[in-house]
Each structure stands twice: as structure tokens, then as C-alpha cells.
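Participant: For reference, the structure I am asking about is given below.
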Amino acid sequence: EDGKTGMLVPSGDVDSLSKAIKYLTEHPEIRKGMGETGRKRVEAEFSIKDNVRKTEELYLGVLKHE
């Protein structure tokens with residue numbers, strides 16, 4: 001999420017990417033906060049167990065259609 005879990009920049013926009021990197025290197029407290037917020041989001045929304053189950057379902061669905 002832009003500004004909360006990281007910074008989004010347009011694809012191929014080297015200038016925007018450079019500015020975002022510079023901003024984060026100059027503001028360690030913001031960088032740390034984004035990292036912590038991102039980690040919490042991943043832990044809440046992306047469990048290993050759920051991802052394994054979804055992968056198994058995908059493979060089983062493909063095998064049923066062969």
C-alpha cells in the first residue's frame with residue numbers, strides 16, 4: 001500500500017525510483033515503519049498453510065481438466 005507498506009513508482013520511471021530511494025534513506029524512521037507495517041500485513045494475509053492449500057487446489061484443478 002503506497003505510503004504505508006512501501007512506495008509505488010511508475011514502471012520505468014528511473015527518476016521517481018531514485019527520489020523514492022533517496023527519501024527512504026534520508027528518513028529511517030519512515031523506512032522502519034513501512035517495513036514493520038508491511039511485515040504485519042504479510043503475516044496477517046499470507047500464511048504458508050493457506051498458500052500451500054491454494055497451490056494444491058490449483059494443481060488439482062489443472063489435473064481434472066486433462
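To be explicit about the labels: the chains of the C-alpha cells are called A, B, and onward in the order shown, and within each one the residues are counted from 1, while ligands get numbers from 1 in the order they are shown.
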List every residue of chain A that DSSP, applied to the backbone of this structure, places in helix (DSSP H, G or I), and write the result as an MDAnalysis selection string.

Facilitator: chainID A and resid 14:26 28:45 48:64

Participant: Could you give me, as number ranges by chain, the residues within 12 Å of range 8-10 of chain A, counting only C-alpha atoms and dropping anything in the same chain fewer than 6 positions from it?

Facilitator: A: 1-2, 16-21

Participant: Would you mind exporting the chosen residues as a PDB file, in the first residue's frame, restricted to C-alpha atoms?

Facilitator:
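Result saved to result_34.pdb:
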```
ATOM      1  CA  GLU A   1       0.000   0.000   0.000  1.00  0.00           C
ATOM      2  CA  ASP A   2       1.670   3.164  -1.211  1.00  0.00           C
ATOM      3  CA  SER A  16      10.824   8.612  -9.425  1.00  0.00           C
ATOM      4  CA  LEU A  17      12.562   5.457  -8.231  1.00  0.00           C
ATOM      5  CA  SER A  18      15.697   7.428  -7.423  1.00  0.00           C
ATOM      6  CA  LYS A  19      13.689  10.012  -5.465  1.00  0.00           C
ATOM      7  CA  ALA A  20      11.854   7.306  -3.509  1.00  0.00           C
ATOM      8  CA  ILE A  21      15.111   5.558  -2.581  1.00  0.00           C
TER       9      ILE A  21
END
```

Participant: If I take CA of Gly33 in chain A and CA of Asp13 in chain A, how far is one from the other in Å, to one decimal?

Facilitator: 24.7 Å

Participant: Between A:Val62, A:Lys49, A:Thr5, A:Thr55, which residue has the minimum interatomic distance to Glu36 in chain A, considering only C-alpha atoms?

Facilitator: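 Checking each of A:Val62, A:Lys49, A:Thr5, A:Thr55 against Glu36 in chain A, counting only C-alpha atoms, the winner is A:Thr5.
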
Participant: Any idea what's packed within 12 Å of Arg31 in chain A, counting only C-alpha atoms, ignoring anything in its chain fewer than 5 positions away? Could you give it as an MDAnalysis selection string?

Facilitator: chainID A and resid 3:7 20:26 36:38

Participant: Mind pulling up the distance from CA of Arg41 in chain A to CA of Glu57 in chain A?

Facilitator: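 Taking CA of Glu57 in chain A and CA of Arg41 in chain A, their separation equals 23.6 Å.
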